[in-house]
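Q: This one is data10.txt, compact mmCIF, C-alpha atoms.
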```
# COMPACT_ATOMS: atom_id res chain seq x y z
CA MET A 27 115.13 132.90 47.79
CA PRO A 28 116.52 130.76 50.62
CA PHE A 29 114.23 130.07 53.62
CA PRO A 30 115.42 132.22 56.58
CA ARG A 31 117.26 130.05 59.05
CA SER A 32 115.79 131.86 62.08
CA LEU A 33 112.24 131.25 60.81
CA LEU A 34 113.00 127.57 60.21
CA VAL A 35 114.26 127.27 63.78
CA ARG A 36 111.06 128.88 65.07
CA TYR A 37 108.88 126.44 63.13
CA LEU A 38 110.93 123.51 64.42
CA LEU A 39 110.62 124.72 68.01
CA LEU A 40 106.87 125.20 67.55
CA ALA A 41 106.52 121.68 66.16
CA VAL A 42 108.50 120.22 69.05
CA GLY A 43 106.30 122.13 71.50
CA VAL A 44 103.09 120.89 69.91
CA ILE A 45 104.33 117.29 69.91
CA GLY A 46 105.44 117.63 73.52
CA LEU A 47 102.09 119.08 74.59
CA TYR A 48 100.22 116.31 72.76
CA THR A 49 102.33 113.68 74.49
CA LEU A 50 101.70 115.19 77.91
CA LEU A 51 97.99 115.51 77.32
CA HIS A 52 97.61 111.92 76.15
CA LYS A 53 100.11 110.24 78.42
CA ASN A 54 99.47 112.03 81.70
CA TYR A 55 96.19 113.80 80.95
CA ILE A 56 96.96 117.43 81.79
CA TYR A 57 93.72 119.33 82.21
CA VAL A 58 93.08 122.39 80.08
CA PRO A 59 91.80 125.59 81.73
CA GLY A 60 88.12 125.31 82.54
CA ALA A 61 88.03 121.52 82.61
CA GLU A 62 87.14 119.75 85.83
CA PRO A 63 90.24 118.37 87.54
CA ARG A 64 90.50 114.66 88.00
CA VAL A 65 89.96 113.09 91.39
CA ASN A 66 92.85 111.41 93.19
CA ALA A 67 91.68 107.93 92.22
CA CYS A 68 92.70 104.63 90.66
CA PHE A 69 91.49 101.34 89.28
CA THR A 70 92.37 98.47 91.62
CA VAL A 71 92.79 94.94 90.30
CA LEU A 72 93.40 91.78 92.32
CA ALA A 73 94.88 89.28 89.89
CA ARG A 74 97.06 86.22 89.35
CA ASN A 75 99.76 85.99 86.71
CA HIS A 76 97.66 83.73 84.48
CA ASP A 77 94.86 86.34 84.39
CA TRP A 78 96.67 88.63 81.95
CA ARG A 79 94.73 87.59 78.86
CA ALA A 80 91.31 88.09 80.48
CA LEU A 81 92.54 91.36 81.94
CA ARG A 82 93.58 92.64 78.53
CA ASP A 83 89.94 92.21 77.51
CA SER A 84 88.75 94.02 80.66
CA MET A 85 91.23 96.85 80.19
CA ARG A 86 90.33 97.23 76.53
CA GLN A 87 86.70 97.60 77.59
CA ILE A 88 87.28 100.24 80.25
CA GLU A 89 89.87 102.10 78.18
CA ASP A 90 87.67 102.28 75.07
CA ARG A 91 84.53 103.19 76.98
CA PHE A 92 86.06 105.59 79.51
CA ASN A 93 89.68 105.73 80.59
CA SER A 94 91.37 106.60 77.30
CA ARG A 95 89.95 110.09 77.91
CA TYR A 96 90.95 110.31 81.59
CA ASN A 97 94.02 108.14 82.13
CA TYR A 98 93.31 107.15 85.71
CA PRO A 99 96.13 104.94 87.01
CA TYR A 100 95.90 101.22 87.73
CA VAL A 101 97.04 99.35 90.85
CA PHE A 102 97.53 95.60 90.34
CA LEU A 103 97.84 93.43 93.47
CA ASN A 104 98.84 89.77 93.71
CA ASP A 105 99.74 87.45 96.57
CA LYS A 106 102.74 86.35 94.44
CA PRO A 107 105.28 88.50 92.54
CA PHE A 108 103.97 89.59 89.15
CA SER A 109 105.68 87.98 86.18
CA ALA A 110 107.37 90.01 83.44
CA GLU A 111 104.78 88.61 81.02
CA PHE A 112 101.88 89.86 83.14
CA ILE A 113 103.43 93.31 83.46
CA ASN A 114 104.16 93.59 79.75
CA MET A 115 100.73 92.35 78.69
CA THR A 116 98.81 94.70 80.97
CA GLN A 117 101.04 97.76 80.75
CA SER A 118 100.67 97.79 76.98
CA MET A 119 96.88 98.24 77.24
CA THR A 120 96.92 101.78 78.63
CA ARG A 121 98.73 105.09 78.48
CA ALA A 122 97.98 105.59 82.18
CA GLN A 123 100.43 104.98 84.98
CA VAL A 124 100.44 101.38 86.24
CA HIS A 125 101.55 100.14 89.66
CA TYR A 126 102.28 96.50 90.58
CA GLY A 127 102.40 95.31 94.17
CA GLN A 128 102.63 92.11 96.18
CA ILE A 129 100.22 91.55 99.04
CA PRO A 130 101.91 91.29 102.46
CA SER A 131 101.88 87.70 103.70
CA GLU A 132 99.98 88.69 106.85
CA HIS A 133 97.11 89.85 104.64
CA TRP A 134 96.91 86.53 102.76
CA SER A 135 97.26 84.00 105.58
CA TYR A 136 95.46 82.77 108.66
CA PRO A 137 95.20 85.13 111.65
CA GLU A 138 96.51 83.63 114.87
CA TRP A 139 93.02 83.18 116.31
CA ILE A 140 91.82 80.87 113.50
CA ASN A 141 91.85 77.12 114.18
CA GLN A 142 93.17 75.83 110.85
CA THR A 143 92.08 72.25 111.55
CA LYS A 144 88.52 73.45 112.10
CA ALA A 145 88.75 75.64 108.98
CA ALA A 146 89.85 72.66 106.84
CA SER A 147 87.04 70.54 108.27
CA ARG A 148 84.47 73.22 107.50
CA ARG A 149 85.74 73.56 103.93
CA LYS A 150 85.24 69.83 103.45
CA GLU A 151 81.73 69.99 104.90
CA MET A 152 80.73 72.96 102.73
CA HIS A 153 82.09 71.24 99.63
CA GLU A 154 79.99 68.16 100.42
CA GLU A 155 76.97 70.42 100.91
CA GLY A 156 77.47 71.87 97.43
CA VAL A 157 78.36 75.40 98.57
CA MET A 158 79.93 77.44 95.75
CA TYR A 159 83.71 77.61 96.32
CA GLY A 160 83.01 75.65 99.49
CA ASP A 161 86.37 73.87 99.44
CA SER A 162 88.49 76.77 98.20
CA GLU A 163 91.10 78.06 100.62
CA SER A 164 92.39 80.82 98.32
CA TYR A 165 88.87 82.14 97.73
CA ARG A 166 88.51 82.70 101.46
CA HIS A 167 91.80 84.60 101.64
CA MET A 168 90.61 86.71 98.70
CA CYS A 169 87.28 87.53 100.38
CA ARG A 170 88.96 88.53 103.62
CA PHE A 171 91.52 90.67 101.76
CA GLU A 172 88.87 92.43 99.69
CA SER A 173 86.66 92.92 102.76
CA GLY A 174 89.06 94.85 104.90
CA LEU A 175 92.69 94.78 103.83
CA PHE A 176 93.11 95.85 100.18
CA PHE A 177 92.98 99.56 100.98
CA GLN A 178 95.74 99.11 103.57
CA HIS A 179 98.28 98.15 100.89
CA PRO A 180 101.08 100.76 100.62
CA LEU A 181 100.28 101.40 96.95
CA MET A 182 96.71 102.33 97.87
CA GLN A 183 97.67 104.89 100.51
CA GLN A 184 98.18 107.64 97.93
CA PHE A 185 94.60 107.48 96.59
CA ASP A 186 91.28 108.89 97.83
CA TYR A 187 88.90 106.89 95.61
CA TYR A 188 89.05 103.52 93.89
CA TRP A 189 87.20 101.62 91.15
CA ARG A 190 87.39 97.84 91.25
CA LEU A 191 88.22 96.04 88.03
CA GLU A 192 88.28 92.27 87.43
CA PRO A 193 89.30 89.84 84.69
CA GLY A 194 86.59 88.81 82.23
CA ILE A 195 84.18 91.71 82.69
CA LYS A 196 82.67 93.96 80.02
CA TYR A 197 81.65 97.60 79.89
CA GLU A 198 78.87 97.67 77.35
CA CYS A 199 78.13 101.40 77.16
CA ASP A 200 80.21 104.55 76.82
CA ILE A 201 80.81 106.42 80.07
CA ASN A 202 80.74 110.03 78.94
CA TYR A 203 81.43 111.68 82.28
CA ASP A 204 83.77 111.05 85.21
CA PRO A 205 82.09 108.91 87.92
CA PHE A 206 84.83 109.86 90.39
CA VAL A 207 84.10 113.57 89.93
CA TYR A 208 80.36 112.88 90.18
CA MET A 209 80.87 111.08 93.48
CA LYS A 210 83.11 113.75 94.95
CA LYS A 211 80.75 116.59 93.92
CA ASN A 212 77.72 114.81 95.38
CA LYS A 213 79.45 113.49 98.52
CA ILE A 214 78.78 109.89 97.52
CA ARG A 215 80.88 107.36 99.42
CA TYR A 216 79.87 104.08 97.78
CA ALA A 217 78.54 103.27 94.30
CA TRP A 218 77.33 100.13 92.56
CA THR A 219 75.64 98.90 89.40
CA ILE A 220 74.33 95.38 90.21
CA ALA A 221 72.48 94.37 93.38
CA ILE A 222 71.66 90.73 93.95
CA TYR A 223 70.68 88.19 96.61
CA GLU A 224 73.49 86.44 98.44
CA LEU A 225 73.82 82.65 98.53
CA MET A 226 72.76 82.27 102.13
CA ASN A 227 74.51 78.91 102.59
CA THR A 228 77.82 80.80 102.33
CA ILE A 229 77.04 83.08 105.30
CA PRO A 230 74.86 81.12 107.78
CA THR A 231 76.02 83.09 110.85
CA LEU A 232 77.07 86.42 109.34
CA TRP A 233 73.95 88.28 110.43
CA THR A 234 74.23 86.84 113.93
CA SER A 235 77.71 88.37 114.10
CA VAL A 236 76.40 91.67 112.67
CA LYS A 237 73.76 91.81 115.40
CA LYS A 238 76.44 91.18 118.02
CA PHE A 239 78.41 94.08 116.55
CA MET A 240 75.36 96.37 116.62
CA HIS A 241 74.76 95.45 120.27
CA THR A 242 78.44 95.96 121.18
CA HIS A 243 78.96 99.22 119.26
CA PRO A 244 75.65 101.13 119.13
CA ASP A 245 77.60 104.39 119.34
CA LEU A 246 79.08 103.79 115.86
CA ILE A 247 75.73 103.38 114.08
CA PRO A 248 74.01 106.63 113.02
CA SER A 249 70.33 107.11 113.78
CA THR A 250 69.62 107.49 110.04
CA ASN A 251 71.15 104.95 107.69
CA SER A 252 70.20 102.49 104.94
CA LEU A 253 69.49 99.46 107.14
CA TRP A 254 65.98 99.04 105.73
CA TRP A 255 67.47 97.81 102.44
CA VAL A 256 69.07 94.76 104.06
CA SER A 257 66.61 94.16 106.90
CA ARG A 258 62.87 94.85 106.81
CA ASP A 259 62.38 93.96 110.49
CA ASN A 260 64.69 96.56 112.04
CA GLY A 261 67.73 94.31 112.15
CA THR A 262 66.23 91.02 113.31
CA THR A 263 66.96 89.19 110.03
CA TYR A 264 69.00 89.73 106.88
CA ASN A 265 67.16 89.58 103.55
CA GLY A 266 70.30 88.70 101.55
CA CYS A 267 70.48 91.85 99.41
CA HIS A 268 73.98 93.02 98.59
CA PHE A 269 75.83 95.10 96.03
CA TRP A 270 77.84 92.86 93.70
CA SER A 271 81.26 94.15 94.61
CA ASN A 272 83.09 93.02 91.47
CA PHE A 273 81.95 96.49 90.38
CA GLU A 274 82.18 99.14 93.03
CA ILE A 275 83.50 102.66 93.22
CA ALA A 276 84.21 103.94 96.69
CA ASP A 277 85.51 106.88 98.64
CA LEU A 278 88.35 105.16 100.49
CA SER A 279 87.75 107.34 103.54
CA PHE A 280 84.68 105.13 104.11
CA TYR A 281 86.80 101.99 104.38
CA ARG A 282 89.47 103.82 106.39
CA SER A 283 86.91 105.19 108.86
CA LYS A 284 86.80 104.13 112.51
CA GLU A 285 83.32 102.70 111.93
CA TYR A 286 84.29 100.44 109.06
CA GLN A 287 87.62 99.36 110.53
CA THR A 288 85.95 98.43 113.83
CA PHE A 289 83.25 96.53 111.92
CA PHE A 290 85.74 94.55 109.84
CA ASP A 291 87.98 93.77 112.82
CA PHE A 292 84.95 92.51 114.75
CA LEU A 293 83.85 90.23 111.90
CA ASP A 294 87.41 89.05 111.34
CA ARG A 295 87.59 87.89 114.96
CA GLU A 296 84.31 86.01 114.52
CA GLY A 297 86.08 83.63 112.11
CA GLY A 298 83.43 83.43 109.42
CA PHE A 299 85.81 84.24 106.57
CA PHE A 300 87.40 80.82 107.20
CA TYR A 301 84.84 78.71 109.09
CA GLU A 302 82.14 79.66 106.59
CA ARG A 303 82.63 81.53 103.31
CA TRP A 304 81.76 85.11 104.04
CA GLY A 305 82.19 87.24 100.93
CA ASP A 306 83.35 90.81 100.63
CA ALA A 307 80.12 91.78 98.83
CA PRO A 308 77.76 91.24 101.80
CA VAL A 309 80.37 92.67 104.19
CA HIS A 310 80.72 95.88 102.16
CA SER A 311 76.98 96.11 101.60
CA ILE A 312 75.95 95.57 105.20
CA ALA A 313 78.54 98.13 106.29
CA ALA A 314 77.15 100.65 103.79
CA ALA A 315 73.64 99.97 105.10
CA LEU A 316 74.75 100.41 108.72
CA PHE A 317 76.93 103.51 108.38
CA LEU A 318 75.76 105.45 105.31
CA GLN A 319 72.64 107.39 104.46
CA LYS A 320 70.82 106.63 101.24
CA GLU A 321 72.17 109.80 99.62
CA GLU A 322 75.75 108.61 100.24
CA VAL A 323 75.21 105.46 98.17
CA HIS A 324 74.62 105.69 94.42
CA TRP A 325 73.32 103.33 91.75
CA PHE A 326 75.15 104.03 88.47
CA ASN A 327 72.08 102.98 86.53
CA ASP A 328 73.49 104.36 83.26
CA ILE A 329 76.66 102.23 83.28
CA GLY A 330 76.33 99.04 81.23
CA TYR A 331 78.31 96.33 82.97
CA TYR A 332 78.67 92.58 82.59
CA HIS A 333 80.30 90.09 84.94
CA PRO A 334 80.03 86.38 84.04
CA GLY A 335 76.56 85.43 85.19
CA TRP A 336 74.75 88.77 85.18
CA GLN A 337 74.73 92.17 83.56
CA HIS A 338 73.22 95.56 84.17
CA CYS A 339 72.01 97.13 80.94
CA PRO A 340 70.50 100.63 80.71
CA SER A 341 67.44 101.20 78.56
CA GLY A 342 65.74 104.05 76.72
CA ASN A 343 67.73 107.15 75.77
CA ALA A 344 70.69 106.15 77.93
CA TRP A 345 71.06 102.96 75.86
CA LEU A 346 71.10 104.95 72.61
CA ASP A 347 73.13 107.93 73.75
CA ASN A 348 75.88 105.81 75.29
CA ARG A 349 76.20 103.42 72.33
CA CYS A 350 75.29 100.38 74.41
CA THR A 351 75.64 96.90 72.93
CA CYS A 352 73.91 94.87 75.68
CA ASP A 353 70.30 93.71 75.48
CA PRO A 354 68.22 95.16 78.34
CA ASN A 355 65.45 92.64 77.63
CA ASP A 356 67.66 89.56 77.96
CA LYS A 357 66.22 87.96 81.09
CA SER A 358 68.97 85.35 81.17
CA LYS A 359 71.57 88.07 81.83
CA THR A 360 69.97 91.39 82.75
CA ILE A 361 69.66 91.37 86.52
CA THR A 362 66.86 93.93 86.76
CA ASN A 363 64.65 91.72 84.57
CA ALA A 364 65.24 88.59 86.64
CA ASN A 365 63.90 87.51 90.02
CA TRP A 366 67.39 87.84 91.46
CA GLY A 367 67.30 91.53 90.55
CA LYS A 368 64.64 92.45 93.06
CA CYS A 369 67.29 94.05 95.30
CA SER A 370 68.05 96.68 92.64
CA HIS A 371 64.41 97.74 92.43
CA GLU A 372 64.02 97.75 96.21
CA TRP A 373 66.96 100.13 96.54
CA GLU A 374 64.82 102.72 94.77
CA MET A 375 62.09 102.09 97.35
CA LEU A 376 64.43 102.94 100.24
CA PRO A 377 63.03 106.05 101.93
CA ASP A 378 65.07 109.24 101.63
CA THR A 379 66.90 110.39 104.73
CA PRO A 380 64.65 112.70 106.78
CA ARG A 381 65.86 116.30 106.78
CA ALA A 382 65.55 118.56 109.80
```
For this file, produce the structure as structure tokens.
A:
Amino acid sequence: MPFPRSLLVRYLLLAVGVIGLYTLLHKNYIYVPGAEPRVNACFTVLARNHDWRALRDSMRQIEDRFNSRYNYPYVFLNDKPFSAEFINMTQSMTRAQVHYGQIPSEHWSYPEWINQTKAASRRKEMHEEGVMYGDSESYRHMCRFESGLFFQHPLMQQFDYYWRLEPGIKYECDINYDPFVYMKKNKIRYAWTIAIYELMNTIPTLWTSVKKFMHTHPDLIPSTNSLWWVSRDNGTTYNGCHFWSNFEIADLSFYRSKEYQTFFDFLDREGGFFYERWGDAPVHSIAAALFLQKEEVHWFNDIGYYHPGWQHCPSGNAWLDNRCTCDPNDKSKTITNANWGKCSHEWEMLPDTPRA
């Protein structure tokens, strides 16, 4: 008996529909009824064309451990045009949408108020003093861009949250929930996984400039904040603690706020990004301490993360449940087991915000 043609057509249409639905779910991640909607967020990557190989490793890590289930988009930024090779090699690592943008020249050059002769002389001096990246001009442009300009890029305007990703990092545990959703639900504006002491010879006058800002703009600083974490003497000195910003997840409204923009503009005018070697990590961290309450800053203690030099590795049930591969007892890598990891432990000592 011949197979009815109308029934065959129905089966074919059903098959096409199933394939189409599968493609949409896995390419664009359409949420099924009852699932929590994604946050309007992205991964942001500052990279050079030669970084593609190290970035494939980083993307493989974050895709396998997290993003293959969520398909958050990527934004790649470069001070030069991206090469076809870079685009091909990174685009092939994810099913998510990928954006590529060039940094405006005014965001990767000297502001008009910087004396470039003085800046070159200071780079030479810092190199002779053995300061890390002391003679690097591009590193200074990078730190300034990451401190207060990256979120101004046109490609970033469409997003509400961002997660910083870098070449050569590792995610050493599964991430079985959505950190973006967690942050939005709990009104968290800044999140970190490694806290460490700054190299103070890179920022000799940063805290002096911060104190000038606090004196000039007391109206911008809330009466309750997280200042205790970076200064145990009510702002007289800086203890060097900062969140290692190669991993950070942030509500971009924090960086776009009047408070943060005024803070960055003030520091930018001070010249320390070029006359010294102010990094984005202490700038972000001090701003978080000045403007945010403890409850608005979160330690993702269950995320296993490695950046060349240090790692954060969960322990106990979190290590087992999330299929971690790092060694939490490795004192040569695990920041919380090393003297440099004191800042992480002291964050937990920060008093909760008083409630009326």
Q: What separation in Å, quoted to one decimal, exists between CA of Val309 (chain A) and CA of Pro180 (chain A)?
A: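 Straight-line distance from CA of Val309 (chain A) to CA of Pro180 (chain A) works out to 22.5 Å.
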Q: For a quick check of understanding, using all atoms listed in the file, which of A:Ser109, A:Ser162, A:Gln123, A:Asn343 has the smallest distance to Glu302 (chain A)?
A: A:Ser162
Q: Between A:Leu293, A:Val101, A:Ala276, A:Cys267, which one has atoms that come closest to Thr70 (chain A), using only C-alpha atoms?
A: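 Closest to Thr70 (chain A), using only C-alpha atoms: A:Val101.
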Q: Go through A:Trp233, A:Trp218, A:Phe299, A:Phe171 and flag the residue nearest Ile329 (chain A), using only C-alpha atoms for the distances.
A: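 For Ile329 (chain A), the nearest of the given residues is A:Trp218.
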Q: Between A:Glu151, A:Glu172, A:Asp200, A:Asp105, which one has atoms that come closest to Glu89 (chain A), using only C-alpha atoms?
A: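 Of the candidates, the smallest distance to Glu89 (chain A) is held by A:Asp200.
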Q: Interatomic distance between CA of Lys106 (chain A) and CA of Ile275 (chain A)?
A: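 Atom-to-atom, CA of Lys106 (chain A) and CA of Ile275 (chain A) are spaced 25.3 Å apart.
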Q: Determine the nearest neighbour of Asn227 (chain A) from the options A:Tyr159, A:Tyr187, A:Phe269, A:Phe102, counting only C-alpha atoms.
A: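 Of the candidates, the smallest distance to Asn227 (chain A) is held by A:Tyr159.
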Q: Using only C-alpha atoms, find all polymer residues with an atom at most 12 Å away from the point (105.8, 89.8, 81.3); report them as a compact mmCIF listing (two decimals) with C-alpha atoms, in the frame of the given file.
A:
```txt
# COMPACT_ATOMS: atom_id res chain seq x y z
CA ASN A 75 99.76 85.99 86.71
CA HIS A 76 97.66 83.73 84.48
CA ASP A 77 94.86 86.34 84.39
CA TRP A 78 96.67 88.63 81.95
CA ARG A 79 94.73 87.59 78.86
CA PRO A 107 105.28 88.50 92.54
CA PHE A 108 103.97 89.59 89.15
CA SER A 109 105.68 87.98 86.18
CA ALA A 110 107.37 90.01 83.44
CA GLU A 111 104.78 88.61 81.02
CA PHE A 112 101.88 89.86 83.14
CA ILE A 113 103.43 93.31 83.46
CA ASN A 114 104.16 93.59 79.75
CA MET A 115 100.73 92.35 78.69
CA THR A 116 98.81 94.70 80.97
CA GLN A 117 101.04 97.76 80.75
CA SER A 118 100.67 97.79 76.98
CA TYR A 126 102.28 96.50 90.58
```
Q: When distances are computed from all atoms listed in the file, which of A:Gln87, A:Ser94, A:Ser311, A:Asn104 shows the smallest separation from Tyr281 (chain A)?
A: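 Under the stated criterion, the closest residue is A:Ser311.
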Q: Provide the CA of Trp336 (chain A) to CA of Ile361 (chain A) distance in Å, to one decimal place.
A: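 Value for the CA of Trp336 (chain A)-CA of Ile361 (chain A) distance: 5.9 Å.
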Q: Applying 10 Å and all atoms listed in the file, which residues near Lys359 (chain A) remain after dropping the ones on its own chain fewer than 5 positions away? List them as a list in words.
A: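 With the cut-off at 10 Å, the set is Tyr332, His333, Pro334, Gly335, Trp336, Gln337, His338, Cys339, Cys352, Asp353, Pro354 and Ala364 of chain A.
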